[in-house]
$ cat input-v3.cif   # mmCIF, C-alpha atoms, pLDDT in the B column; chains and numbers go by the auth columns
data_work
#
loop_
_atom_site.group_PDB
_atom_site.id
_atom_site.type_symbol
_atom_site.label_atom_id
_atom_site.label_comp_id
_atom_site.label_asym_id
_atom_site.label_seq_id
_atom_site.Cartn_x
_atom_site.Cartn_y
_atom_site.Cartn_z
_atom_site.B_iso_or_equiv
_atom_site.auth_seq_id
_atom_site.auth_asym_id
ATOM 1 C CA MET A 1 15.478 14.398 4.418 37.00 1 A
ATOM 2 C CA GLY A 2 14.606 15.826 1.037 42.00 2 A
ATOM 3 C CA GLY A 3 11.333 15.419 -0.783 48.00 3 A
ATOM 4 C CA GLY A 4 10.314 12.470 -2.911 49.00 4 A
ATOM 5 C CA PRO A 5 9.847 12.408 -6.679 47.00 5 A
ATOM 6 C CA ARG A 6 6.879 14.774 -6.325 57.00 6 A
ATOM 7 C CA GLY A 7 9.185 17.520 -5.031 78.00 7 A
ATOM 8 C CA VAL A 8 7.414 17.689 -1.668 93.00 8 A
ATOM 9 C CA SER A 9 9.837 18.509 1.137 94.00 9 A
ATOM 10 C CA ARG A 10 7.725 20.600 3.563 97.00 10 A
ATOM 11 C CA VAL A 11 4.489 19.110 4.890 98.00 11 A
ATOM 12 C CA VAL A 12 1.963 20.391 7.420 98.00 12 A
ATOM 13 C CA SER A 13 -0.387 17.790 8.870 98.00 13 A
ATOM 14 C CA LEU A 14 -3.773 18.691 10.330 98.00 14 A
ATOM 15 C CA VAL A 15 -4.581 15.086 11.327 98.00 15 A
ATOM 16 C CA PRO A 16 -2.879 13.292 14.246 97.00 16 A
ATOM 17 C CA SER A 17 -2.931 9.826 12.679 97.00 17 A
ATOM 18 C CA LEU A 18 -1.620 11.141 9.350 98.00 18 A
ATOM 19 C CA THR A 19 1.097 12.993 11.240 98.00 19 A
ATOM 20 C CA GLU A 20 2.319 9.675 12.606 98.00 20 A
ATOM 21 C CA ALA A 21 2.012 8.034 9.191 98.00 21 A
ATOM 22 C CA VAL A 22 4.213 10.667 7.541 98.00 22 A
ATOM 23 C CA ALA A 23 6.693 10.980 10.421 97.00 23 A
ATOM 24 C CA VAL A 24 7.338 7.239 10.544 97.00 24 A
ATOM 25 C CA SER A 25 7.534 6.900 6.758 97.00 25 A
ATOM 26 C CA ALA A 26 9.636 9.986 5.993 95.00 26 A
ATOM 27 C CA PRO A 27 11.380 11.517 9.023 91.00 27 A
ATOM 28 C CA GLY A 28 12.089 15.196 8.501 93.00 28 A
ATOM 29 C CA LEU A 29 9.284 15.877 6.040 97.00 29 A
ATOM 30 C CA LEU A 30 6.912 17.456 8.580 98.00 30 A
ATOM 31 C CA VAL A 31 7.336 21.139 9.414 98.00 31 A
ATOM 32 C CA GLY A 32 3.999 21.724 11.156 98.00 32 A
ATOM 33 C CA VAL A 33 1.444 19.659 13.088 98.00 33 A
ATOM 34 C CA THR A 34 -1.569 20.242 15.318 98.00 34 A
ATOM 35 C CA ASP A 35 -1.577 20.493 19.093 97.00 35 A
ATOM 36 C CA TRP A 36 -3.285 17.078 19.149 95.00 36 A
ATOM 37 C CA CYS A 37 -0.515 15.282 17.266 96.00 37 A
ATOM 38 C CA THR A 38 1.033 13.115 19.989 95.00 38 A
ATOM 39 C CA HIS A 39 2.874 10.470 17.942 95.00 39 A
ATOM 40 C CA PRO A 40 5.755 10.103 17.419 95.00 40 A
ATOM 41 C CA ALA A 41 6.718 11.514 20.797 93.00 41 A
ATOM 42 C CA ASP A 42 9.752 13.426 19.530 93.00 42 A
ATOM 43 C CA LEU A 43 7.970 15.869 17.208 94.00 43 A
ATOM 44 C CA ASP A 44 8.759 18.902 19.359 92.00 44 A
ATOM 45 C CA GLU A 45 12.371 17.857 19.822 91.00 45 A
ATOM 46 C CA ALA A 46 12.640 17.645 16.032 90.00 46 A
ATOM 47 C CA GLY A 47 11.616 21.303 15.752 93.00 47 A
ATOM 48 C CA VAL A 48 8.188 20.682 14.237 97.00 48 A
ATOM 49 C CA VAL A 49 5.952 23.750 14.746 97.00 49 A
ATOM 50 C CA ARG A 50 2.566 23.476 16.477 98.00 50 A
ATOM 51 C CA ILE A 51 -0.125 25.255 14.463 98.00 51 A
ATOM 52 C CA GLY A 52 -3.204 24.982 16.704 97.00 52 A
ATOM 53 C CA GLY A 53 -6.051 22.507 16.784 96.00 53 A
ATOM 54 C CA THR A 54 -7.623 20.382 14.089 97.00 54 A
ATOM 55 C CA LYS A 55 -10.736 22.582 14.108 96.00 55 A
ATOM 56 C CA ASN A 56 -9.008 25.923 14.695 96.00 56 A
ATOM 57 C CA PRO A 57 -5.581 25.892 13.028 97.00 57 A
ATOM 58 C CA ASP A 58 -3.582 29.116 12.869 98.00 58 A
ATOM 59 C CA LEU A 59 -3.630 29.689 9.125 98.00 59 A
ATOM 60 C CA SER A 60 -1.082 32.496 9.225 97.00 60 A
ATOM 61 C CA ARG A 61 1.352 30.243 11.062 98.00 61 A
ATOM 62 C CA ILE A 62 0.800 27.506 8.475 98.00 62 A
ATOM 63 C CA LEU A 63 1.452 29.902 5.606 98.00 63 A
ATOM 64 C CA ALA A 64 4.607 31.182 7.310 98.00 64 A
ATOM 65 C CA LEU A 65 5.972 27.619 7.196 98.00 65 A
ATOM 66 C CA ARG A 66 5.797 27.681 3.368 97.00 66 A
ATOM 67 C CA PRO A 67 4.487 24.112 3.053 97.00 67 A
ATOM 68 C CA ASP A 68 4.578 22.279 -0.251 96.00 68 A
ATOM 69 C CA LEU A 69 1.563 20.323 0.944 98.00 69 A
ATOM 70 C CA VAL A 70 -1.020 20.394 3.728 98.00 70 A
ATOM 71 C CA ILE A 71 -2.679 17.086 4.555 98.00 71 A
ATOM 72 C CA ALA A 72 -6.170 16.992 6.034 98.00 72 A
ATOM 73 C CA ASN A 73 -9.264 14.861 6.544 97.00 73 A
ATOM 74 C CA GLU A 74 -12.820 15.721 5.558 96.00 74 A
ATOM 75 C CA GLU A 75 -14.173 14.773 8.982 94.00 75 A
ATOM 76 C CA GLU A 76 -11.483 16.155 11.281 95.00 76 A
ATOM 77 C CA ASN A 77 -10.858 19.488 9.565 97.00 77 A
ATOM 78 C CA ARG A 78 -13.147 22.354 8.549 97.00 78 A
ATOM 79 C CA ALA A 79 -13.788 23.011 4.862 97.00 79 A
ATOM 80 C CA PRO A 80 -13.455 26.824 5.215 98.00 80 A
ATOM 81 C CA ASP A 81 -9.923 26.454 6.624 98.00 81 A
ATOM 82 C CA LEU A 82 -8.891 24.203 3.763 98.00 82 A
ATOM 83 C CA ALA A 83 -10.463 26.554 1.223 98.00 83 A
ATOM 84 C CA ALA A 84 -8.547 29.481 2.718 98.00 84 A
ATOM 85 C CA LEU A 85 -5.269 27.591 2.411 98.00 85 A
ATOM 86 C CA ARG A 86 -5.987 26.746 -1.202 98.00 86 A
ATOM 87 C CA ALA A 87 -6.913 30.371 -1.909 98.00 87 A
ATOM 88 C CA ALA A 88 -3.502 31.347 -0.547 97.00 88 A
ATOM 89 C CA GLY A 89 -1.860 29.044 -3.079 97.00 89 A
ATOM 90 C CA VAL A 90 -1.165 26.046 -0.836 97.00 90 A
ATOM 91 C CA ALA A 91 -1.709 22.516 -2.149 97.00 91 A
ATOM 92 C CA VAL A 92 -4.044 20.526 0.109 98.00 92 A
ATOM 93 C CA VAL A 93 -4.716 16.781 0.069 98.00 93 A
ATOM 94 C CA VAL A 94 -7.924 15.782 1.841 98.00 94 A
ATOM 95 C CA THR A 95 -8.517 12.184 2.880 98.00 95 A
ATOM 96 C CA GLU A 96 -11.882 10.504 3.374 97.00 96 A
ATOM 97 C CA ILE A 97 -11.874 7.411 5.562 96.00 97 A
ATOM 98 C CA ARG A 98 -15.001 5.520 6.575 96.00 98 A
ATOM 99 C CA ASP A 99 -13.738 1.929 6.735 97.00 99 A
ATOM 100 C CA LEU A 100 -10.534 -0.118 6.723 98.00 100 A
ATOM 101 C CA PRO A 101 -10.232 -0.727 2.951 98.00 101 A
ATOM 102 C CA GLN A 102 -10.677 2.985 2.303 98.00 102 A
ATOM 103 C CA ALA A 103 -8.088 3.795 4.977 98.00 103 A
ATOM 104 C CA LEU A 104 -5.514 1.556 3.322 98.00 104 A
ATOM 105 C CA ARG A 105 -6.231 3.085 -0.094 97.00 105 A
ATOM 106 C CA GLU A 106 -6.077 6.637 1.201 98.00 106 A
ATOM 107 C CA LEU A 107 -2.824 6.040 3.054 98.00 107 A
ATOM 108 C CA GLU A 108 -1.259 4.726 -0.130 97.00 108 A
ATOM 109 C CA ARG A 109 -2.646 7.689 -2.090 97.00 109 A
ATOM 110 C CA LEU A 110 -1.139 10.110 0.408 97.00 110 A
ATOM 111 C CA LEU A 111 2.219 8.484 0.979 97.00 111 A
ATOM 112 C CA VAL A 112 2.984 7.029 -2.437 96.00 112 A
ATOM 113 C CA THR A 113 1.035 9.166 -4.907 96.00 113 A
ATOM 114 C CA ALA A 114 1.070 12.573 -3.196 96.00 114 A
ATOM 115 C CA LEU A 115 4.412 12.408 -1.382 96.00 115 A
ATOM 116 C CA GLY A 116 6.248 10.134 -3.794 95.00 116 A
ATOM 117 C CA LEU A 117 7.471 7.732 -1.109 96.00 117 A
ATOM 118 C CA ALA A 118 8.064 4.021 -1.422 96.00 118 A
ATOM 119 C CA ARG A 119 5.168 2.052 0.038 96.00 119 A
ATOM 120 C CA PRO A 120 6.053 1.799 3.741 97.00 120 A
ATOM 121 C CA ARG A 121 6.533 -1.599 5.325 97.00 121 A
ATOM 122 C CA TRP A 122 4.108 -0.787 8.136 98.00 122 A
ATOM 123 C CA LEU A 123 1.300 -0.301 5.615 98.00 123 A
ATOM 124 C CA THR A 124 1.921 -3.744 4.153 98.00 124 A
ATOM 125 C CA ASP A 125 2.083 -5.179 7.682 98.00 125 A
ATOM 126 C CA ALA A 126 -1.219 -3.506 8.594 98.00 126 A
ATOM 127 C CA GLU A 127 -2.901 -4.892 5.505 97.00 127 A
ATOM 128 C CA ALA A 128 -1.656 -8.381 6.350 98.00 128 A
ATOM 129 C CA ALA A 129 -2.626 -8.150 10.022 97.00 129 A
ATOM 130 C CA TRP A 130 -6.217 -7.259 9.226 98.00 130 A
ATOM 131 C CA ALA A 131 -6.441 -9.792 6.391 97.00 131 A
ATOM 132 C CA ARG A 132 -5.873 -12.626 8.862 96.00 132 A
ATOM 133 C CA VAL A 133 -7.929 -11.213 11.735 96.00 133 A
ATOM 134 C CA GLU A 134 -10.541 -13.475 13.299 94.00 134 A
ATOM 135 C CA PRO A 135 -13.527 -12.420 15.410 95.00 135 A
ATOM 136 C CA VAL A 136 -12.820 -12.609 19.122 94.00 136 A
ATOM 137 C CA ALA A 137 -16.333 -11.755 20.244 85.00 137 A
ATOM 138 C CA ASP A 138 -19.918 -12.142 19.124 93.00 138 A
ATOM 139 C CA ARG A 139 -21.538 -9.294 20.954 95.00 139 A
ATOM 140 C CA ALA A 140 -23.835 -6.380 20.320 97.00 140 A
ATOM 141 C CA ALA A 141 -22.349 -3.192 21.723 98.00 141 A
ATOM 142 C CA PHE A 142 -22.602 0.546 21.778 98.00 142 A
ATOM 143 C CA VAL A 143 -19.468 2.663 21.639 98.00 143 A
ATOM 144 C CA PRO A 144 -19.507 6.019 23.446 98.00 144 A
ATOM 145 C CA VAL A 145 -17.018 8.586 22.167 98.00 145 A
ATOM 146 C CA TRP A 146 -18.135 11.438 24.428 97.00 146 A
ATOM 147 C CA ARG A 147 -19.802 12.068 27.762 97.00 147 A
ATOM 148 C CA ARG A 148 -21.897 15.079 28.814 94.00 148 A
ATOM 149 C CA PRO A 149 -23.651 14.661 26.461 96.00 149 A
ATOM 150 C CA TRP A 150 -23.332 10.986 25.636 98.00 150 A
ATOM 151 C CA MET A 151 -22.397 10.443 21.993 98.00 151 A
ATOM 152 C CA VAL A 152 -21.821 7.078 20.346 98.00 152 A
ATOM 153 C CA LEU A 153 -20.541 5.643 17.080 98.00 153 A
ATOM 154 C CA GLY A 154 -23.347 5.595 14.535 97.00 154 A
ATOM 155 C CA ARG A 155 -23.344 4.703 10.876 96.00 155 A
ATOM 156 C CA ASP A 156 -20.443 4.539 8.479 95.00 156 A
ATOM 157 C CA THR A 157 -17.454 4.940 10.828 97.00 157 A
ATOM 158 C CA PHE A 158 -13.911 3.652 10.582 97.00 158 A
ATOM 159 C CA ALA A 159 -13.900 2.576 14.244 97.00 159 A
ATOM 160 C CA GLY A 160 -17.181 0.732 13.812 97.00 160 A
ATOM 161 C CA ASP A 161 -15.755 -1.148 10.830 98.00 161 A
ATOM 162 C CA LEU A 162 -12.696 -2.243 12.827 98.00 162 A
ATOM 163 C CA LEU A 163 -14.850 -3.492 15.690 98.00 163 A
ATOM 164 C CA GLY A 164 -17.082 -5.361 13.258 98.00 164 A
ATOM 165 C CA ARG A 165 -14.061 -7.257 11.936 98.00 165 A
ATOM 166 C CA LEU A 166 -13.392 -8.365 15.517 98.00 166 A
ATOM 167 C CA GLY A 167 -16.953 -9.613 15.983 97.00 167 A
ATOM 168 C CA VAL A 168 -18.508 -6.612 17.737 97.00 168 A
ATOM 169 C CA ARG A 169 -21.824 -5.478 16.239 97.00 169 A
ATOM 170 C CA ASN A 170 -22.462 -1.765 16.679 97.00 170 A
ATOM 171 C CA ALA A 171 -26.044 -1.341 17.892 97.00 171 A
ATOM 172 C CA TYR A 172 -26.205 2.126 16.341 98.00 172 A
ATOM 173 C CA ALA A 173 -24.639 1.275 12.975 96.00 173 A
ATOM 174 C CA GLY A 174 -27.994 1.917 11.296 95.00 174 A
ATOM 175 C CA HIS A 175 -28.543 5.318 12.884 96.00 175 A
ATOM 176 C CA ALA A 176 -29.121 8.260 10.555 96.00 176 A
ATOM 177 C CA GLU A 177 -26.219 10.142 12.155 96.00 177 A
ATOM 178 C CA ARG A 178 -22.579 9.130 12.298 96.00 178 A
ATOM 179 C CA TYR A 179 -22.119 10.290 15.911 97.00 179 A
ATOM 180 C CA PRO A 180 -25.589 10.501 17.456 98.00 180 A
ATOM 181 C CA ARG A 181 -26.335 11.905 20.875 98.00 181 A
ATOM 182 C CA VAL A 182 -28.113 9.196 22.846 97.00 182 A
ATOM 183 C CA PRO A 183 -29.407 9.592 26.422 96.00 183 A
ATOM 184 C CA VAL A 184 -27.798 7.222 28.888 96.00 184 A
ATOM 185 C CA GLU A 185 -31.214 5.743 29.679 96.00 185 A
ATOM 186 C CA GLU A 186 -31.634 4.726 26.049 96.00 186 A
ATOM 187 C CA LEU A 187 -28.153 3.220 25.942 97.00 187 A
ATOM 188 C CA THR A 188 -28.870 1.185 29.065 95.00 188 A
ATOM 189 C CA ALA A 189 -32.111 -0.085 27.544 94.00 189 A
ATOM 190 C CA ALA A 190 -30.598 -0.903 24.128 93.00 190 A
ATOM 191 C CA GLY A 191 -30.281 -4.599 24.929 94.00 191 A
ATOM 192 C CA CYS A 192 -26.545 -4.771 24.314 97.00 192 A
ATOM 193 C CA ASP A 193 -24.200 -7.170 26.066 94.00 193 A
ATOM 194 C CA LEU A 194 -21.093 -4.960 25.875 97.00 194 A
ATOM 195 C CA VAL A 195 -20.053 -1.322 26.060 98.00 195 A
ATOM 196 C CA VAL A 196 -16.799 -0.375 24.331 98.00 196 A
ATOM 197 C CA LEU A 197 -15.084 2.631 25.924 98.00 197 A
ATOM 198 C CA PRO A 198 -12.098 4.156 24.068 98.00 198 A
ATOM 199 C CA ASP A 199 -9.703 6.573 25.776 97.00 199 A
ATOM 200 C CA GLU A 200 -10.158 9.229 23.066 94.00 200 A
ATOM 201 C CA PRO A 201 -11.610 11.602 22.077 94.00 201 A
ATOM 202 C CA TYR A 202 -13.144 11.403 25.568 97.00 202 A
ATOM 203 C CA ARG A 203 -10.782 9.718 27.993 97.00 203 A
ATOM 204 C CA PHE A 204 -12.880 6.914 29.427 98.00 204 A
ATOM 205 C CA THR A 205 -11.185 4.984 32.227 98.00 205 A
ATOM 206 C CA ALA A 206 -12.043 2.187 34.644 97.00 206 A
ATOM 207 C CA SER A 207 -13.451 4.815 37.014 97.00 207 A
ATOM 208 C CA ASP A 208 -15.060 7.100 34.424 98.00 208 A
ATOM 209 C CA GLY A 209 -17.568 5.392 32.158 97.00 209 A
ATOM 210 C CA PRO A 210 -18.312 1.805 33.227 97.00 210 A
ATOM 211 C CA GLU A 211 -20.197 2.944 36.334 97.00 211 A
ATOM 212 C CA ALA A 212 -22.869 4.500 34.080 97.00 212 A
ATOM 213 C CA PHE A 213 -23.819 1.020 32.845 97.00 213 A
ATOM 214 C CA PRO A 214 -23.925 -1.245 35.905 94.00 214 A
ATOM 215 C CA GLY A 215 -23.975 -4.948 35.138 92.00 215 A
ATOM 216 C CA LEU A 216 -22.806 -4.458 31.551 96.00 216 A
ATOM 217 C CA PRO A 217 -19.317 -5.734 30.633 97.00 217 A
ATOM 218 C CA ALA A 218 -17.061 -2.852 29.599 97.00 218 A
ATOM 219 C CA ALA A 219 -14.111 -3.093 27.220 98.00 219 A
ATOM 220 C CA LEU A 220 -11.625 -0.280 27.802 98.00 220 A
ATOM 221 C CA VAL A 221 -9.783 0.124 24.512 98.00 221 A
ATOM 222 C CA SER A 222 -6.986 2.251 23.110 97.00 222 A
ATOM 223 C CA GLY A 223 -8.525 5.086 21.112 96.00 223 A
ATOM 224 C CA ARG A 224 -5.395 5.333 18.999 96.00 224 A
ATOM 225 C CA HIS A 225 -5.731 1.711 17.914 97.00 225 A
ATOM 226 C CA LEU A 226 -9.470 2.036 17.352 98.00 226 A
ATOM 227 C CA THR A 227 -9.655 5.361 15.522 97.00 227 A
ATOM 228 C CA TRP A 228 -6.222 6.172 14.044 96.00 228 A
ATOM 229 C CA TYR A 229 -5.321 5.218 10.480 96.00 229 A
ATOM 230 C CA GLY A 230 -1.554 4.966 10.414 96.00 230 A
ATOM 231 C CA PRO A 231 1.271 2.765 11.737 97.00 231 A
ATOM 232 C CA SER A 232 -0.840 1.740 14.746 97.00 232 A
ATOM 233 C CA LEU A 233 -3.050 -0.248 12.358 98.00 233 A
ATOM 234 C CA ALA A 234 -0.430 -2.998 12.185 97.00 234 A
ATOM 235 C CA GLU A 235 -0.769 -3.841 15.880 97.00 235 A
ATOM 236 C CA ALA A 236 -4.405 -2.760 16.302 98.00 236 A
ATOM 237 C CA PRO A 237 -5.986 -6.208 15.776 98.00 237 A
ATOM 238 C CA ALA A 238 -3.969 -7.737 18.620 97.00 238 A
ATOM 239 C CA VAL A 239 -4.327 -4.729 20.935 98.00 239 A
ATOM 240 C CA LEU A 240 -8.089 -4.449 20.443 98.00 240 A
ATOM 241 C CA ALA A 241 -8.598 -8.195 20.691 97.00 241 A
ATOM 242 C CA ARG A 242 -6.889 -8.271 24.106 97.00 242 A
ATOM 243 C CA ALA A 243 -9.106 -5.471 25.373 97.00 243 A
ATOM 244 C CA LEU A 244 -12.267 -7.170 24.144 97.00 244 A
ATOM 245 C CA ARG A 245 -11.294 -10.463 25.745 96.00 245 A
ATOM 246 C CA ALA A 246 -10.618 -8.660 29.035 95.00 246 A
ATOM 247 C CA ALA A 247 -14.084 -7.028 29.135 94.00 247 A
ATOM 248 C CA ARG A 248 -15.866 -7.699 32.365 82.00 248 A
#

$ encode --input "input-v3.cif" --output "structure tokens"
Amino acid sequence: MGGGPRGVSRVVSLVPSLTEAVAVSAPGLLVGVTDWCTHPADLDEAGVVRIGGTKNPDLSRILALRPDLVIANEEENRAPDLAALRAAGVAVVVTEIRDLPQALRELERLLVTALGLARPRWLTDAEAAWARVEPVADRAAFVPVWRRPWMVLGRDTFAGDLLGRLGVRNAYAGHAERYPRVPVEELTAAGCDLVVLPDEPYRFTASDGPEAFPGLPAALVSGRHLTWYGPSLAEAPAVLARALRAAR
């Protein structure tokens, strides 16, 4: 499809969740995405070019695609890469997302303001789904996002905000770091009554993660629904709620 009123018709996305947001809202607009962009599943069939990782994109490959716009995130992408793209004359939009309200605002800024699209229905549905969400738990938890070394959600994170809306209190929400490294012994002694284990960025499973915290209920949750800001937000409250209720 052609570009919107802003004249944007060739977009490179350096953020998996924003890739899905653009692909679902304006099929055909994306010309390049990262190796980690897994949704929608037909990106490769559509001829979209892979340009490397979020932290190590191939800048020459991006420039060869002649994008009208590169979309990025201040946490997922490196400032020097974005500066190099700008120096080469490429327009770059950088999102900053630390909680749900900011995610909804930034998605509208990207899709409507920057790309000139009509506000997508899924964004309205996501807003409505979270507006009516009710807590399904009243538990203190820690949320590992990596193993070897153990790293958990700390302060000021989008995923922590979503869990809080579902009634899960992040034990490390007051930590000085956003993703602190915490020894497993400290996690075990934190006095929590739940561990939340997403399947990304580290792929925790029923056999990889819960065994480190014997006797503590473990909620195995979809990382895409916990950490992605895009179309998955519309179904995230229900998906996450089911996983929290199933914790044992």

$ atom_distance --input "input-v3.cif" --atom1 "CA of Leu63 (chain A)" --atom2 "CA of His39 (chain A)"
23.1 Å

$ residues_around --input "input-v3.cif" --residues "region 83-86 of chain A" --least-positions-apart "2" --cutoff "10 Å" --atoms "all atoms listed in the file" --output "PDB file with C-alpha atoms, keeping the file's coordinate frame"
ATOM      1  CA  LEU A  59      -3.630  29.689   9.125  1.00 98.00           C
ATOM      2  CA  SER A  60      -1.082  32.496   9.225  1.00 97.00           C
ATOM      3  CA  ILE A  62       0.800  27.506   8.475  1.00 98.00           C
ATOM      4  CA  LEU A  63       1.452  29.902   5.606  1.00 98.00           C
ATOM      5  CA  VAL A  70      -1.020  20.394   3.728  1.00 98.00           C
ATOM      6  CA  ARG A  78     -13.147  22.354   8.549  1.00 97.00           C
ATOM      7  CA  ALA A  79     -13.788  23.011   4.862  1.00 97.00           C
ATOM      8  CA  PRO A  80     -13.455  26.824   5.215  1.00 98.00           C
ATOM      9  CA  ASP A  81      -9.923  26.454   6.624  1.00 98.00           C
ATOM     10  CA  ALA A  88      -3.502  31.347  -0.547  1.00 97.00           C
ATOM     11  CA  GLY A  89      -1.860  29.044  -3.079  1.00 97.00           C
ATOM     12  CA  VAL A  90      -1.165  26.046  -0.836  1.00 97.00           C
ATOM     13  CA  ALA A  91      -1.709  22.516  -2.149  1.00 97.00           C
ATOM     14  CA  VAL A  92      -4.044  20.526   0.109  1.00 98.00           C
TER      15      VAL A  92
END

$ resolve_selection --input "input-v3.cif" --expression "the PyMOL selection byres ((chain A and resi 32) around 7)" --output "ChimeraX atom specification"
/A:11-13,30-31,33,48-51

$ closest_residue --input "input-v3.cif" --among "A:Gly52, A:Pro16, A:Gly215, A:Pro201" --to "Ile71 (chain A)" --atoms "only C-alpha atoms"
A:Pro16

$ residues_around --input "input-v3.cif" --residues "region 20-29 of chain A" --least-positions-apart "3" --cutoff "7 Å" --atoms "all atoms listed in the file" --output "MDAnalysis selection string"
chainID A and resid 1 9:11 16:17 39:40 120 230:231

$ resolve_selection --input "input-v3.cif" --expression "the PyMOL selection byres ((chain A and resi 164) around 12)" --output "mmCIF file with C-alpha atoms, in the coordinates of the input"
data_model
loop_
_atom_site.group_PDB
_atom_site.id
_atom_site.type_symbol
_atom_site.label_atom_id
_atom_site.label_comp_id
_atom_site.auth_asym_id
_atom_site.auth_seq_id
_atom_site.Cartn_x
_atom_site.Cartn_y
_atom_site.Cartn_z
ATOM 1 C CA ASP A 99 -13.738 1.929 6.735
ATOM 2 C CA LEU A 100 -10.534 -0.118 6.723
ATOM 3 C CA TRP A 130 -6.217 -7.259 9.226
ATOM 4 C CA VAL A 133 -7.929 -11.213 11.735
ATOM 5 C CA GLU A 134 -10.541 -13.475 13.299
ATOM 6 C CA PRO A 135 -13.527 -12.420 15.410
ATOM 7 C CA VAL A 136 -12.820 -12.609 19.122
ATOM 8 C CA ALA A 137 -16.333 -11.755 20.244
ATOM 9 C CA ASP A 138 -19.918 -12.142 19.124
ATOM 10 C CA ARG A 139 -21.538 -9.294 20.954
ATOM 11 C CA ALA A 140 -23.835 -6.380 20.320
ATOM 12 C CA ALA A 141 -22.349 -3.192 21.723
ATOM 13 C CA PHE A 142 -22.602 0.546 21.778
ATOM 14 C CA VAL A 143 -19.468 2.663 21.639
ATOM 15 C CA ASP A 156 -20.443 4.539 8.479
ATOM 16 C CA THR A 157 -17.454 4.940 10.828
ATOM 17 C CA PHE A 158 -13.911 3.652 10.582
ATOM 18 C CA ALA A 159 -13.900 2.576 14.244
ATOM 19 C CA GLY A 160 -17.181 0.732 13.812
ATOM 20 C CA ASP A 161 -15.755 -1.148 10.830
ATOM 21 C CA LEU A 162 -12.696 -2.243 12.827
ATOM 22 C CA LEU A 163 -14.850 -3.492 15.690
ATOM 23 C CA ARG A 165 -14.061 -7.257 11.936
ATOM 24 C CA LEU A 166 -13.392 -8.365 15.517
ATOM 25 C CA GLY A 167 -16.953 -9.613 15.983
ATOM 26 C CA VAL A 168 -18.508 -6.612 17.737
ATOM 27 C CA ARG A 169 -21.824 -5.478 16.239
ATOM 28 C CA ASN A 170 -22.462 -1.765 16.679
ATOM 29 C CA ALA A 171 -26.044 -1.341 17.892
ATOM 30 C CA ALA A 173 -24.639 1.275 12.975
ATOM 31 C CA LEU A 226 -9.470 2.036 17.352
ATOM 32 C CA PRO A 237 -5.986 -6.208 15.776
ATOM 33 C CA LEU A 240 -8.089 -4.449 20.443
ATOM 34 C CA ALA A 241 -8.598 -8.195 20.691
#

$ resolve_selection --input "input-v3.cif" --expression "the PyMOL selection byres ((chain A and resi 213) around 10)" --output "list in words"
Val184, Glu185, Leu187, Thr188, Ala189, Leu194, Val195, Gly209, Pro210, Glu211, Ala212, Pro214, Gly215, Leu216, Pro217 and Ala218 of chain A

$ write_last_selection --input "input-v3.cif" --atoms "C-alpha atoms" --output "compact mmCIF listing (two decimals), keeping the file's coordinate frame"
# COMPACT_ATOMS: atom_id res chain seq x y z
CA VAL A 184 -27.80 7.22 28.89
CA GLU A 185 -31.21 5.74 29.68
CA LEU A 187 -28.15 3.22 25.94
CA THR A 188 -28.87 1.18 29.06
CA ALA A 189 -32.11 -0.08 27.54
CA LEU A 194 -21.09 -4.96 25.88
CA VAL A 195 -20.05 -1.32 26.06
CA GLY A 209 -17.57 5.39 32.16
CA PRO A 210 -18.31 1.80 33.23
CA GLU A 211 -20.20 2.94 36.33
CA ALA A 212 -22.87 4.50 34.08
CA PRO A 214 -23.92 -1.25 35.90
CA GLY A 215 -23.98 -4.95 35.14
CA LEU A 216 -22.81 -4.46 31.55
CA PRO A 217 -19.32 -5.73 30.63
CA ALA A 218 -17.06 -2.85 29.60

$ residues_around --input "input-v3.cif" --residues "Arg119 (chain A)" --least-positions-apart "5" --cutoff "10 Å" --atoms "only C-alpha atoms" --output "compact mmCIF listing (two decimals) with C-alpha atoms, in the coordinates of the input"
# COMPACT_ATOMS: atom_id res chain seq x y z
CA SER A 25 7.53 6.90 6.76
CA LEU A 107 -2.82 6.04 3.05
CA GLU A 108 -1.26 4.73 -0.13
CA ARG A 109 -2.65 7.69 -2.09
CA LEU A 111 2.22 8.48 0.98
CA VAL A 112 2.98 7.03 -2.44
CA THR A 113 1.03 9.17 -4.91
CA THR A 124 1.92 -3.74 4.15

$ residues_around --input "input-v3.cif" --residues "Glu106 (chain A)" --least-positions-apart "3" --cutoff "9 Å" --atoms "only C-alpha atoms" --output "list in words"
Thr95, Glu96, Ile97, Pro101, Gln102, Ala103, Arg109, Leu110 and Leu111 of chain A

$ atom_distance --input "input-v3.cif" --atom1 "CA of Leu82 (chain A)" --atom2 "CA of Thr227 (chain A)"
22.2 Å

$ atom_distance --input "input-v3.cif" --atom1 "CA of Leu18 (chain A)" --atom2 "CA of Val239 (chain A)"
19.8 Å

$ axis_aligned_box --input "input-v3.cif" --around "region 115-122 of chain A" --padding-each-side "3 Å" --output "JSON"
{"center_x": 6.1, "center_y": 5.4, "center_z": 2.2, "size_x": 10.0, "size_y": 20.0, "size_z": 17.9}
